[in-house]
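**Student:** My structure file model-v5.pdb, PDB, C-alpha atoms, pLDDT in the B column, is below:
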```pdb
ATOM      1  CA  MET A1074      29.023 -46.605  58.001  1.00 47.00           C
ATOM      2  CA  ASN A1075      25.347 -45.656  57.858  1.00 47.00           C
ATOM      3  CA  TYR A1076      24.643 -41.938  57.448  1.00 45.00           C
ATOM      4  CA  PRO A1077      21.235 -40.345  58.064  1.00 47.00           C
ATOM      5  CA  THR A1078      19.233 -39.687  54.892  1.00 42.00           C
ATOM      6  CA  ARG A1079      19.230 -35.926  55.530  1.00 41.00           C
ATOM      7  CA  TYR A1080      23.038 -35.860  55.806  1.00 38.00           C
ATOM      8  CA  LEU A1081      23.406 -37.713  52.504  1.00 34.00           C
ATOM      9  CA  ALA A1082      21.099 -35.215  50.756  1.00 37.00           C
ATOM     10  CA  LEU A1083      23.132 -32.253  52.001  1.00 35.00           C
ATOM     11  CA  LEU A1084      26.370 -33.939  50.963  1.00 34.00           C
ATOM     12  CA  THR A1085      25.031 -34.577  47.443  1.00 36.00           C
ATOM     13  CA  LEU A1086      23.901 -30.937  47.097  1.00 34.00           C
ATOM     14  CA  SER A1087      27.287 -29.567  48.203  1.00 39.00           C
ATOM     15  CA  LEU A1088      29.149 -31.851  45.781  1.00 35.00           C
ATOM     16  CA  ALA A1089      26.890 -30.795  42.887  1.00 39.00           C
ATOM     17  CA  THR A1090      27.454 -27.130  43.676  1.00 40.00           C
ATOM     18  CA  ALA A1091      31.206 -27.602  43.875  1.00 42.00           C
ATOM     19  CA  CYS A1092      31.268 -29.365  40.508  1.00 41.00           C
ATOM     20  CA  GLN A1093      29.317 -26.607  38.747  1.00 46.00           C
ATOM     21  CA  SER A1094      31.603 -25.140  36.074  1.00 60.00           C
ATOM     22  CA  LYS A1095      32.498 -21.475  35.725  1.00 61.00           C
ATOM     23  CA  GLU A1096      30.767 -21.454  32.332  1.00 61.00           C
ATOM     24  CA  GLU A1097      27.504 -22.649  33.845  1.00 65.00           C
ATOM     25  CA  LYS A1098      27.676 -20.010  36.554  1.00 64.00           C
ATOM     26  CA  ALA A1099      28.379 -17.281  33.967  1.00 70.00           C
ATOM     27  CA  SER A1100      25.507 -18.515  31.800  1.00 68.00           C
ATOM     28  CA  ALA A1101      23.127 -18.483  34.739  1.00 68.00           C
ATOM     29  CA  ALA A1102      24.232 -14.979  35.714  1.00 70.00           C
ATOM     30  CA  LEU A1103      23.698 -13.746  32.142  1.00 64.00           C
ATOM     31  CA  ALA A1104      20.231 -15.291  32.020  1.00 66.00           C
ATOM     32  CA  ASP A1105      19.337 -13.552  35.274  1.00 66.00           C
ATOM     33  CA  ALA A1106      20.651 -10.233  33.943  1.00 66.00           C
ATOM     34  CA  LEU A1107      18.694 -10.565  30.693  1.00 63.00           C
ATOM     35  CA  GLU A1108      15.551 -11.453  32.590  1.00 65.00           C
ATOM     36  CA  ALA A1109      15.972  -8.409  34.812  1.00 61.00           C
ATOM     37  CA  GLN A1110      16.638  -6.206  31.776  1.00 60.00           C
ATOM     38  CA  ALA A1111      13.578  -7.542  29.964  1.00 59.00           C
ATOM     39  CA  GLU A1112      11.456  -6.603  32.925  1.00 69.00           C
ATOM     40  CA  SER A1113      12.794  -3.023  33.102  1.00 82.00           C
ATOM     41  CA  PRO A1114      10.457  -0.193  31.950  1.00 85.00           C
ATOM     42  CA  ALA A1115      12.953   0.927  29.290  1.00 83.00           C
ATOM     43  CA  GLU A1116      13.154  -2.539  27.749  1.00 81.00           C
ATOM     44  CA  GLN A1117       9.403  -2.974  27.908  1.00 83.00           C
ATOM     45  CA  ALA A1118       8.985   0.318  26.019  1.00 86.00           C
ATOM     46  CA  ARG A1119      11.483  -0.775  23.364  1.00 84.00           C
ATOM     47  CA  MET A1120       9.804  -4.141  22.900  1.00 85.00           C
ATOM     48  CA  ALA A1121       6.404  -2.452  22.645  1.00 86.00           C
ATOM     49  CA  ALA A1122       7.790  -0.120  19.944  1.00 87.00           C
ATOM     50  CA  GLN A1123       9.173  -3.106  18.031  1.00 87.00           C
ATOM     51  CA  LYS A1124       5.831  -4.875  18.190  1.00 88.00           C
ATOM     52  CA  ALA A1125       3.903  -1.798  17.050  1.00 88.00           C
ATOM     53  CA  ALA A1126       6.310  -1.083  14.172  1.00 89.00           C
ATOM     54  CA  TYR A1127       5.873  -4.531  12.631  1.00 91.00           C
ATOM     55  CA  ALA A1128       2.154  -4.988  13.321  1.00 91.00           C
ATOM     56  CA  LEU A1129       0.441  -4.819   9.929  1.00 93.00           C
ATOM     57  CA  PRO A1130      -2.841  -2.883   9.710  1.00 94.00           C
ATOM     58  CA  PRO A1131      -5.950  -4.555   8.291  1.00 94.00           C
ATOM     59  CA  ALA A1132      -6.492  -4.543   4.533  1.00 95.00           C
ATOM     60  CA  ARG A1133      -8.929  -1.860   3.405  1.00 96.00           C
ATOM     61  CA  PRO A1134     -10.979  -1.305   0.240  1.00 97.00           C
ATOM     62  CA  ALA A1135     -10.263   1.499  -2.197  1.00 97.00           C
ATOM     63  CA  SER A1136     -13.210   3.447  -0.783  1.00 97.00           C
ATOM     64  CA  ALA A1137     -11.397   3.792   2.571  1.00 97.00           C
ATOM     65  CA  VAL A1138      -9.397   6.833   1.443  1.00 98.00           C
ATOM     66  CA  ASP A1139      -9.284   9.559  -1.221  1.00 98.00           C
ATOM     67  CA  VAL A1140      -5.732   9.397  -2.602  1.00 98.00           C
ATOM     68  CA  ARG A1141      -5.889  12.615  -4.659  1.00 98.00           C
ATOM     69  CA  ALA A1142      -3.917  14.800  -2.217  1.00 98.00           C
ATOM     70  CA  GLY A1143      -1.266  12.092  -1.976  1.00 98.00           C
ATOM     71  CA  VAL A1144      -0.922  11.566  -5.721  1.00 98.00           C
ATOM     72  CA  GLU A1145      -0.505  15.334  -6.161  1.00 97.00           C
ATOM     73  CA  GLN A1146       2.736  14.980  -4.195  1.00 97.00           C
ATOM     74  CA  LEU A1147       4.039  12.769  -7.013  1.00 97.00           C
ATOM     75  CA  LEU A1148       3.746  15.637  -9.515  1.00 96.00           C
ATOM     76  CA  PRO A1149       6.309  18.414 -10.089  1.00 93.00           C
ATOM     77  CA  ALA A1150       6.082  21.281  -7.594  1.00 92.00           C
ATOM     78  CA  GLU A1151       6.320  23.711 -10.537  1.00 90.00           C
ATOM     79  CA  GLY A1152       2.769  22.769 -11.528  1.00 91.00           C
ATOM     80  CA  TYR A1153       3.315  21.878 -15.175  1.00 92.00           C
ATOM     81  CA  LEU A1154       1.574  18.502 -14.724  1.00 95.00           C
ATOM     82  CA  GLU A1155      -2.121  18.676 -13.852  1.00 95.00           C
ATOM     83  CA  LEU A1156      -3.951  15.852 -12.099  1.00 97.00           C
ATOM     84  CA  VAL A1157      -7.223  15.544 -14.023  1.00 97.00           C
ATOM     85  CA  SER A1158      -8.575  12.523 -12.158  1.00 98.00           C
ATOM     86  CA  VAL A1159      -7.357   9.617 -10.039  1.00 98.00           C
ATOM     87  CA  LYS A1160      -8.784   6.310  -8.892  1.00 98.00           C
ATOM     88  CA  GLY A1161      -7.143   4.436  -6.037  1.00 97.00           C
ATOM     89  CA  GLN A1162      -7.218   0.672  -5.594  1.00 97.00           C
ATOM     90  CA  ALA A1163      -7.432  -1.500  -2.476  1.00 98.00           C
ATOM     91  CA  LEU A1164      -5.028  -0.567   0.338  1.00 98.00           C
ATOM     92  CA  GLN A1165      -2.301  -3.198   0.749  1.00 97.00           C
ATOM     93  CA  PRO A1166      -0.827  -3.501   4.293  1.00 96.00           C
ATOM     94  CA  ILE A1167       2.964  -3.205   4.358  1.00 96.00           C
ATOM     95  CA  THR A1168       5.900  -2.451   6.657  1.00 95.00           C
ATOM     96  CA  LEU A1169       7.748   0.625   5.362  1.00 94.00           C
ATOM     97  CA  VAL A1170      11.248   1.876   6.099  1.00 94.00           C
ATOM     98  CA  LEU A1171      11.161   5.370   7.564  1.00 93.00           C
ATOM     99  CA  PRO A1172      12.465   8.188   5.332  1.00 93.00           C
ATOM    100  CA  PRO A1173      15.970   9.447   6.278  1.00 91.00           C
ATOM    101  CA  MET A1174      14.604  12.657   7.822  1.00 89.00           C
ATOM    102  CA  TRP A1175      12.340  10.667  10.144  1.00 89.00           C
ATOM    103  CA  ARG A1176      15.123   8.411  11.401  1.00 90.00           C
ATOM    104  CA  ILE A1177      17.101  11.232  13.035  1.00 88.00           C
ATOM    105  CA  GLY A1178      15.087  11.239  16.257  1.00 84.00           C
ATOM    106  CA  VAL A1179      14.781   7.450  16.569  1.00 88.00           C
ATOM    107  CA  LYS A1180      16.392   6.142  19.767  1.00 89.00           C
ATOM    108  CA  PRO A1181      19.153   3.494  19.469  1.00 88.00           C
ATOM    109  CA  GLY A1182      17.652   0.020  19.414  1.00 87.00           C
ATOM    110  CA  TYR A1183      14.260   1.273  18.302  1.00 88.00           C
ATOM    111  CA  PRO A1184      12.785   0.235  14.908  1.00 91.00           C
ATOM    112  CA  LYS A1185      13.336   2.440  11.871  1.00 93.00           C
ATOM    113  CA  VAL A1186      10.249   1.107  10.116  1.00 94.00           C
ATOM    114  CA  GLY A1187       6.535   1.639  10.482  1.00 94.00           C
ATOM    115  CA  PRO A1188       3.234   0.075   9.415  1.00 96.00           C
ATOM    116  CA  GLY A1189       1.368   1.542   6.494  1.00 96.00           C
ATOM    117  CA  TYR A1190      -0.235   0.932   3.123  1.00 97.00           C
ATOM    118  CA  LYS A1191       0.875   0.551  -0.464  1.00 96.00           C
ATOM    119  CA  ILE A1192      -1.902   2.028  -2.615  1.00 97.00           C
ATOM    120  CA  PRO A1193      -1.851   1.347  -6.372  1.00 96.00           C
ATOM    121  CA  PHE A1194      -3.706   3.915  -8.456  1.00 97.00           C
ATOM    122  CA  GLU A1195      -4.628   4.958 -11.983  1.00 97.00           C
ATOM    123  CA  ALA A1196      -4.522   8.651 -12.830  1.00 97.00           C
ATOM    124  CA  VAL A1197      -5.138  10.949 -15.778  1.00 98.00           C
ATOM    125  CA  LEU A1198      -2.489  13.660 -16.167  1.00 97.00           C
ATOM    126  CA  ARG A1199      -2.302  16.647 -18.493  1.00 95.00           C
ATOM    127  CA  TRP A1200       0.854  18.514 -19.465  1.00 93.00           C
ATOM    128  CA  LYS A1201       0.698  22.306 -19.336  1.00 89.00           C
ATOM    129  CA  PRO A1202       3.973  23.671 -20.786  1.00 83.00           C
ATOM    130  CA  THR A1203       5.218  26.692 -18.845  1.00 76.00           C
ATOM    131  CA  GLY A1204       8.203  28.954 -19.257  1.00 66.00           C
ATOM    132  CA  TYR A1205       8.216  28.902 -23.070  1.00 63.00           C
ATOM    133  CA  VAL A1206       8.159  32.398 -24.597  1.00 58.00           C
ATOM    134  CA  GLU A1207       8.534  31.903 -28.343  1.00 63.00           C
ATOM    135  CA  THR A1208       7.747  28.387 -29.501  1.00 69.00           C
ATOM    136  CA  LYS A1209       5.984  25.802 -27.367  1.00 73.00           C
ATOM    137  CA  PRO A1210       7.149  22.187 -27.775  1.00 77.00           C
ATOM    138  CA  LYS A1211       4.929  19.854 -29.762  1.00 84.00           C
ATOM    139  CA  SER A1212       5.651  16.836 -27.535  1.00 88.00           C
ATOM    140  CA  ALA A1213       7.775  15.646 -24.612  1.00 88.00           C
ATOM    141  CA  LEU A1214       8.560  12.548 -22.570  1.00 93.00           C
ATOM    142  CA  LEU A1215       6.636  11.866 -19.388  1.00 94.00           C
ATOM    143  CA  VAL A1216       8.760   9.791 -16.988  1.00 93.00           C
ATOM    144  CA  LEU A1217       6.702   7.120 -15.220  1.00 93.00           C
ATOM    145  CA  GLN A1218       6.986   5.071 -12.059  1.00 90.00           C
ATOM    146  CA  THR A1219       8.052   1.439 -12.293  1.00 85.00           C
ATOM    147  CA  PRO A1220       7.992  -1.335  -9.630  1.00 77.00           C
ATOM    148  CA  LYS A1221      11.742  -0.841  -9.091  1.00 79.00           C
ATOM    149  CA  ASP A1222      11.555   2.932  -8.590  1.00 76.00           C
ATOM    150  CA  SER A1223       8.073   3.402  -7.174  1.00 83.00           C
ATOM    151  CA  LEU A1224       9.263   6.297  -4.990  1.00 88.00           C
ATOM    152  CA  MET A1225      10.023   8.265  -8.142  1.00 90.00           C
ATOM    153  CA  ARG A1226       7.696  11.125  -9.046  1.00 92.00           C
ATOM    154  CA  PHE A1227       6.198  11.877 -12.459  1.00 95.00           C
ATOM    155  CA  TYR A1228       7.997  14.575 -14.460  1.00 93.00           C
ATOM    156  CA  ILE A1229       8.692  15.779 -17.997  1.00 90.00           C
ATOM    157  CA  SER A1230      12.110  15.140 -19.540  1.00 87.00           C
ATOM    158  CA  GLU A1231      13.755  15.627 -22.898  1.00 80.00           C
ATOM    159  CA  MET A1232      15.595  12.307 -22.581  1.00 78.00           C
ATOM    160  CA  SER A1233      14.511   8.913 -21.292  1.00 75.00           C
ATOM    161  CA  MET A1234      17.727   8.292 -19.262  1.00 75.00           C
ATOM    162  CA  GLY A1235      16.814   4.606 -19.119  1.00 74.00           C
ATOM    163  CA  SER A1236      13.509   5.260 -17.336  1.00 84.00           C
ATOM    164  CA  LYS A1237      10.078   4.166 -18.501  1.00 90.00           C
ATOM    165  CA  VAL A1238       8.515   7.027 -20.479  1.00 92.00           C
ATOM    166  CA  VAL A1239       5.469   7.867 -22.609  1.00 93.00           C
ATOM    167  CA  GLN A1240       5.142  10.541 -25.298  1.00 93.00           C
ATOM    168  CA  VAL A1241       2.806  13.400 -24.336  1.00 93.00           C
ATOM    169  CA  ARG A1242       1.470  16.505 -26.085  1.00 92.00           C
ATOM    170  CA  PRO A1243       0.451  19.816 -24.530  1.00 91.00           C
ATOM    171  CA  GLY A1244      -3.101  19.784 -23.176  1.00 90.00           C
ATOM    172  CA  GLU A1245      -3.776  16.152 -24.111  1.00 93.00           C
ATOM    173  CA  PRO A1246      -4.688  13.825 -21.213  1.00 96.00           C
ATOM    174  CA  VAL A1247      -2.654  10.676 -20.636  1.00 96.00           C
ATOM    175  CA  THR A1248      -3.493   7.749 -18.350  1.00 97.00           C
ATOM    176  CA  VAL A1249      -0.771   6.469 -16.031  1.00 96.00           C
ATOM    177  CA  GLN A1250      -0.452   3.893 -13.255  1.00 95.00           C
ATOM    178  CA  GLY A1251       1.511   4.310 -10.059  1.00 95.00           C
ATOM    179  CA  VAL A1252       1.881   3.472  -6.387  1.00 96.00           C
ATOM    180  CA  LEU A1253       1.414   5.734  -3.376  1.00 97.00           C
ATOM    181  CA  TYR A1254       3.040   4.875  -0.037  1.00 97.00           C
ATOM    182  CA  THR A1255       1.478   5.955   3.253  1.00 97.00           C
ATOM    183  CA  TYR A1256       2.095   5.369   6.968  1.00 97.00           C
ATOM    184  CA  LEU A1257      -0.377   4.955   9.791  1.00 95.00           C
ATOM    185  CA  ASP A1258      -0.433   8.232  11.690  1.00 94.00           C
ATOM    186  CA  ARG A1259       0.609   7.487  15.289  1.00 87.00           C
ATOM    187  CA  ASP A1260      -1.129  10.624  16.557  1.00 89.00           C
ATOM    188  CA  ASN A1261      -4.433   9.946  14.807  1.00 92.00           C
ATOM    189  CA  PRO A1262      -5.511   6.409  13.781  1.00 86.00           C
ATOM    190  CA  GLN A1263      -8.202   7.905  11.525  1.00 93.00           C
ATOM    191  CA  ARG A1264      -5.733   9.231   8.955  1.00 96.00           C
ATOM    192  CA  LEU A1265      -2.693   8.225   6.919  1.00 98.00           C
ATOM    193  CA  LEU A1266       0.562  10.126   6.532  1.00 97.00           C
ATOM    194  CA  VAL A1267       1.861  10.251   2.954  1.00 97.00           C
ATOM    195  CA  TYR A1268       5.520   9.422   2.330  1.00 96.00           C
ATOM    196  CA  PRO A1269       7.265  12.841   2.135  1.00 96.00           C
ATOM    197  CA  TYR A1270       7.910  12.872  -1.605  1.00 95.00           C
ATOM    198  CA  GLN A1271       8.257  16.668  -1.494  1.00 94.00           C
ATOM    199  CA  ASP A1272       9.448  16.984   2.128  1.00 92.00           C
ATOM    200  CA  LYS A1273       5.907  17.852   3.210  1.00 92.00           C
ATOM    201  CA  GLN A1274       3.522  16.327   5.719  1.00 94.00           C
ATOM    202  CA  VAL A1275       0.314  15.440   3.876  1.00 97.00           C
ATOM    203  CA  TYR A1276      -2.482  13.555   5.611  1.00 98.00           C
ATOM    204  CA  LEU A1277      -5.255  11.436   4.080  1.00 98.00           C
ATOM    205  CA  PRO A1278      -8.379  10.973   6.236  1.00 97.00           C
ATOM    206  CA  LEU A1279      -9.704   7.427   6.480  1.00 96.00           C
ATOM    207  CA  ALA A1280     -13.376   6.815   5.916  1.00 92.00           C
ATOM    208  CA  ASN A1281     -15.305   5.455   8.900  1.00 75.00           C
TER
END
```
Could you take the file, read its structure, and then write that structure out as structure tokens?
**Tutor:**
Amino acid sequence: MNYPTRYLALLTLSLATACQSKEEKASAALADALEAQAESPAEQARMAAQKAAYALPPARPASAVDVRAGVEQLLPAEGYLELVSVKGQALQPITLVLPPMWRIGVKPGYPKVGPGYKIPFEAVLRWKPTGYVETKPKSALLVLQTPKDSLMRFYISEMSMGSKVVQVRPGEPVTVQGVLYTYLDRDNPQRLLVYPYQDKQVYLPLAN
């Protein structure tokens, strides 16, 4: 029997549709749902936040920022270590995990990291013993940063406790090396936000 070409095409289409498996239908439905979700404003906002969080800033020379106010946050709040001078090095782009206090307001599914800079520096510190009434100590141990604990601050201790230390004397300058971590300020692209070493918000203006 000879069927019209159009009838054969319709018959082939109906047979193909009937043979489509449940798995294929479910997969197609999921793809459609994901496509619709990706096009929603909420998903677009989340994807934009992801992209911005992992977008590294351009490398900058040491002259781009004065790191003094940031390095001061690495010293004891009691003031017994004085920052005599500091010289920052080139700013190294990096993606930084947000501090615990900054993660509280992050929406589910949004990144808990941000773009920023790792800034190596060399500083001259001076120990000014305070709180001693009778006899001032002749020397002490200055605990230093190391690559493994670069979020640690500088402080004076009587014991090394396994940390890297250097012997210091009252009033005598000592040269140290360290690393300062900063984030790009979302509210102002012309400044950096220092990692909250002392639970403070300290900003470093960027040179034009």
**Student:** Between stretch 1150-1235 of chain A and stretch 1268-1278 of chain A, at 12 Å or less, what are the per-residue closest atom pairs and their distances in Å? Count only C-alpha atoms, order by chain and rising residue number, and return it as a tab-separated table.
**Tutor:**
```
residue	atom	partner	partner_atom	distance
A:Ala1150	CA	A:Gln1271	CA	8.0
A:Glu1151	CA	A:Gln1271	CA	11.6
A:Leu1169	CA	A:Tyr1268	CA	9.6
A:Val1170	CA	A:Tyr1268	CA	10.2
A:Leu1171	CA	A:Tyr1268	CA	8.7
A:Pro1172	CA	A:Tyr1268	CA	7.7
A:Pro1173	CA	A:Pro1269	CA	10.2
A:Met1174	CA	A:Asp1272	CA	8.8
A:Trp1175	CA	A:Pro1269	CA	9.7
A:Gly1187	CA	A:Tyr1268	CA	11.3
A:Pro1188	CA	A:Tyr1268	CA	11.9
A:Gly1189	CA	A:Tyr1268	CA	9.8
A:Tyr1190	CA	A:Tyr1268	CA	10.3
A:Lys1191	CA	A:Tyr1268	CA	10.4
A:Ile1192	CA	A:Tyr1268	CA	11.6
A:Ser1223	CA	A:Tyr1270	CA	11.0
A:Leu1224	CA	A:Tyr1270	CA	7.5
A:Met1225	CA	A:Tyr1270	CA	8.3
A:Arg1226	CA	A:Tyr1270	CA	7.6
A:Phe1227	CA	A:Tyr1270	CA	11.0
```
**Student:** Suppose a student applies the PyMOL selection byres ((chain A and resi 1241) around 10) to this structure; what residues should they get, written as a ChimeraX atom specification?
**Tutor:** /A:1198-1200,1211-1215,1229,1238-1240,1242-1247
**Student:** Write the residues you've just listed into a file as an mmCIF file, keeping the file's coordinate frame, and include C-alpha atoms for each of them.
**Tutor:**
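Final file, part07.cif:
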```
data_model
loop_
_atom_site.group_PDB
_atom_site.id
_atom_site.type_symbol
_atom_site.label_atom_id
_atom_site.label_comp_id
_atom_site.auth_asym_id
_atom_site.auth_seq_id
_atom_site.Cartn_x
_atom_site.Cartn_y
_atom_site.Cartn_z
ATOM 1 C CA LEU A 1198 -2.489 13.660 -16.167
ATOM 2 C CA ARG A 1199 -2.302 16.647 -18.493
ATOM 3 C CA TRP A 1200 0.854 18.514 -19.465
ATOM 4 C CA LYS A 1211 4.929 19.854 -29.762
ATOM 5 C CA SER A 1212 5.651 16.836 -27.535
ATOM 6 C CA ALA A 1213 7.775 15.646 -24.612
ATOM 7 C CA LEU A 1214 8.560 12.548 -22.570
ATOM 8 C CA LEU A 1215 6.636 11.866 -19.388
ATOM 9 C CA ILE A 1229 8.692 15.779 -17.997
ATOM 10 C CA VAL A 1238 8.515 7.027 -20.479
ATOM 11 C CA VAL A 1239 5.469 7.867 -22.609
ATOM 12 C CA GLN A 1240 5.142 10.541 -25.298
ATOM 13 C CA ARG A 1242 1.470 16.505 -26.085
ATOM 14 C CA PRO A 1243 0.451 19.816 -24.530
ATOM 15 C CA GLY A 1244 -3.101 19.784 -23.176
ATOM 16 C CA GLU A 1245 -3.776 16.152 -24.111
ATOM 17 C CA PRO A 1246 -4.688 13.825 -21.213
ATOM 18 C CA VAL A 1247 -2.654 10.676 -20.636
#
```
**Student:** Hey, can you check how far atom CA of A:Lys1185 sits from atom CA of A:Ala1137?
**Tutor:**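 We find that atom CA of A:Lys1185 and atom CA of A:Ala1137 lie 26.5 Å from each other.
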**Student:** Between A:Thr1255, A:Thr1168, A:Gln1263, A:Ser1113, single out the one closest to A:Ala1126, counting only C-alpha atoms.
**Tutor:** A:Thr1168
**Student:** State, in Å with one decimal place, the distance from atom CA of A:Glu1195 to atom CA of A:Leu1129.
**Tutor:**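 Those two atoms sit 24.5 Å apart.
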**Student:** Using Å and a single decimal, report how far atom CA of A:Pro1166 sits from atom CA of A:Pro1130.
**Tutor:**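 Calculated distance between atom CA of A:Pro1130 and atom CA of A:Pro1166 is 5.8 Å.
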**Student:** If the box runs along x, y and z of the file and leaves 8 Å on each side of stretch 1242-1254 of chain A, what are its centre and edge lengths in Å, one decimal, as lines of an AutoDock Vina configuration file?
**Tutor:**
```
center_x = -0.8
center_y = 11.6
center_z = -13.1
size_x = 23.7
size_y = 32.3
size_z = 42.0
```
**Student:** Please determine, counting only C-alpha atoms, which residue among A:Leu1266, A:Pro1202, A:Pro1184, A:Arg1119 has the shortest atom-to-atom distance to A:Leu1253.
**Tutor:**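 Of all the options, A:Leu1266 lies closest to A:Leu1253.
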**Student:** Would you mind telling me which residue in A:Gln1162, A:Asn1261, A:Gln1123, A:Gln1146 lies nearest to A:Tyr1228 when using all atoms listed in the file?
**Tutor:**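 Nearest candidate to A:Tyr1228 out of A:Gln1162, A:Asn1261, A:Gln1123, A:Gln1146: A:Gln1146.
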**Student:** Apply the PyMOL selection byres ((chain A and resi 1250) around 8) to the displayed file and report the matching residues as a list in words.
**Tutor:** Pro1193, Phe1194, Glu1195, Ala1196, Gln1218, Thr1248, Val1249, Gly1251 and Val1252 of chain A
**Student:** Keeping only C-alpha atoms, write the selected residues to a file as a tab-separated table (two decimals), keeping the file's coordinate frame.
**Tutor:**
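result-v2.tsv written:
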```
chain	number	residue	atom	x	y	z
A	1193	PRO	CA	-1.85	1.35	-6.37
A	1194	PHE	CA	-3.71	3.92	-8.46
A	1195	GLU	CA	-4.63	4.96	-11.98
A	1196	ALA	CA	-4.52	8.65	-12.83
A	1218	GLN	CA	6.99	5.07	-12.06
A	1248	THR	CA	-3.49	7.75	-18.35
A	1249	VAL	CA	-0.77	6.47	-16.03
A	1251	GLY	CA	1.51	4.31	-10.06
A	1252	VAL	CA	1.88	3.47	-6.39
```
**Student:** Identify, on the basis of all atoms listed in the file, every residue whose closest approach to A:Ala1121 does not exceed 12 Å; exclude the query and any residue fewer than 4 positions from it along the same chain; express the result as a list of chain:residue names.
**Tutor:**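 Returned residues: A:Ala1111, A:Pro1114, A:Ala1115, A:Glu1116, A:Gln1117, A:Ala1125, A:Ala1126, A:Tyr1127, A:Ala1128, A:Gly1182, A:Tyr1183, A:Pro1184.
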**Student:** Need a file for stretch 1159-1192 of chain A from that block: C-alpha atoms, written as a CSV table (one decimal), in the first residue's frame.
**Tutor:**
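File produced: selection21.csv:
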```
chain,number,residue,atom,x,y,z
A,1159,VAL,CA,57.7,50.4,56.9
A,1160,LYS,CA,58.3,49.8,53.2
A,1161,GLY,CA,55.7,47.9,51.2
A,1162,GLN,CA,56.4,45.8,48.2
A,1163,ALA,CA,54.4,45.2,45.0
A,1164,LEU,CA,50.7,44.3,45.5
A,1165,GLN,CA,50.0,40.7,44.6
A,1166,PRO,CA,46.4,39.9,43.4
A,1167,ILE,CA,44.7,37.2,45.4
A,1168,THR,CA,41.3,35.7,46.2
A,1169,LEU,CA,40.8,35.9,50.0
A,1170,VAL,CA,38.4,34.0,52.3
A,1171,LEU,CA,36.2,36.4,54.2
A,1172,PRO,CA,36.8,36.7,57.9
A,1173,PRO,CA,34.1,34.8,60.1
A,1174,MET,CA,32.4,38.1,61.1
A,1175,TRP,CA,31.9,39.1,57.5
A,1176,ARG,CA,30.3,35.8,56.5
A,1177,ILE,CA,27.3,36.2,58.8
A,1178,GLY,CA,25.3,38.3,56.3
A,1179,VAL,CA,26.3,36.3,53.2
A,1180,LYS,CA,23.2,34.8,51.5
A,1181,PRO,CA,23.1,31.0,50.9
A,1182,GLY,CA,24.8,30.1,47.7
A,1183,TYR,CA,26.7,33.4,47.5
A,1184,PRO,CA,30.6,33.3,47.6
A,1185,LYS,CA,32.4,33.7,51.0
A,1186,VAL,CA,35.5,35.0,49.3
A,1187,GLY,CA,36.6,38.3,47.8
A,1188,PRO,CA,39.3,39.8,45.6
A,1189,GLY,CA,42.2,41.6,47.2
A,1190,TYR,CA,45.9,41.9,47.6
A,1191,LYS,CA,48.7,40.2,49.5
A,1192,ILE,CA,51.3,42.9,50.3
```
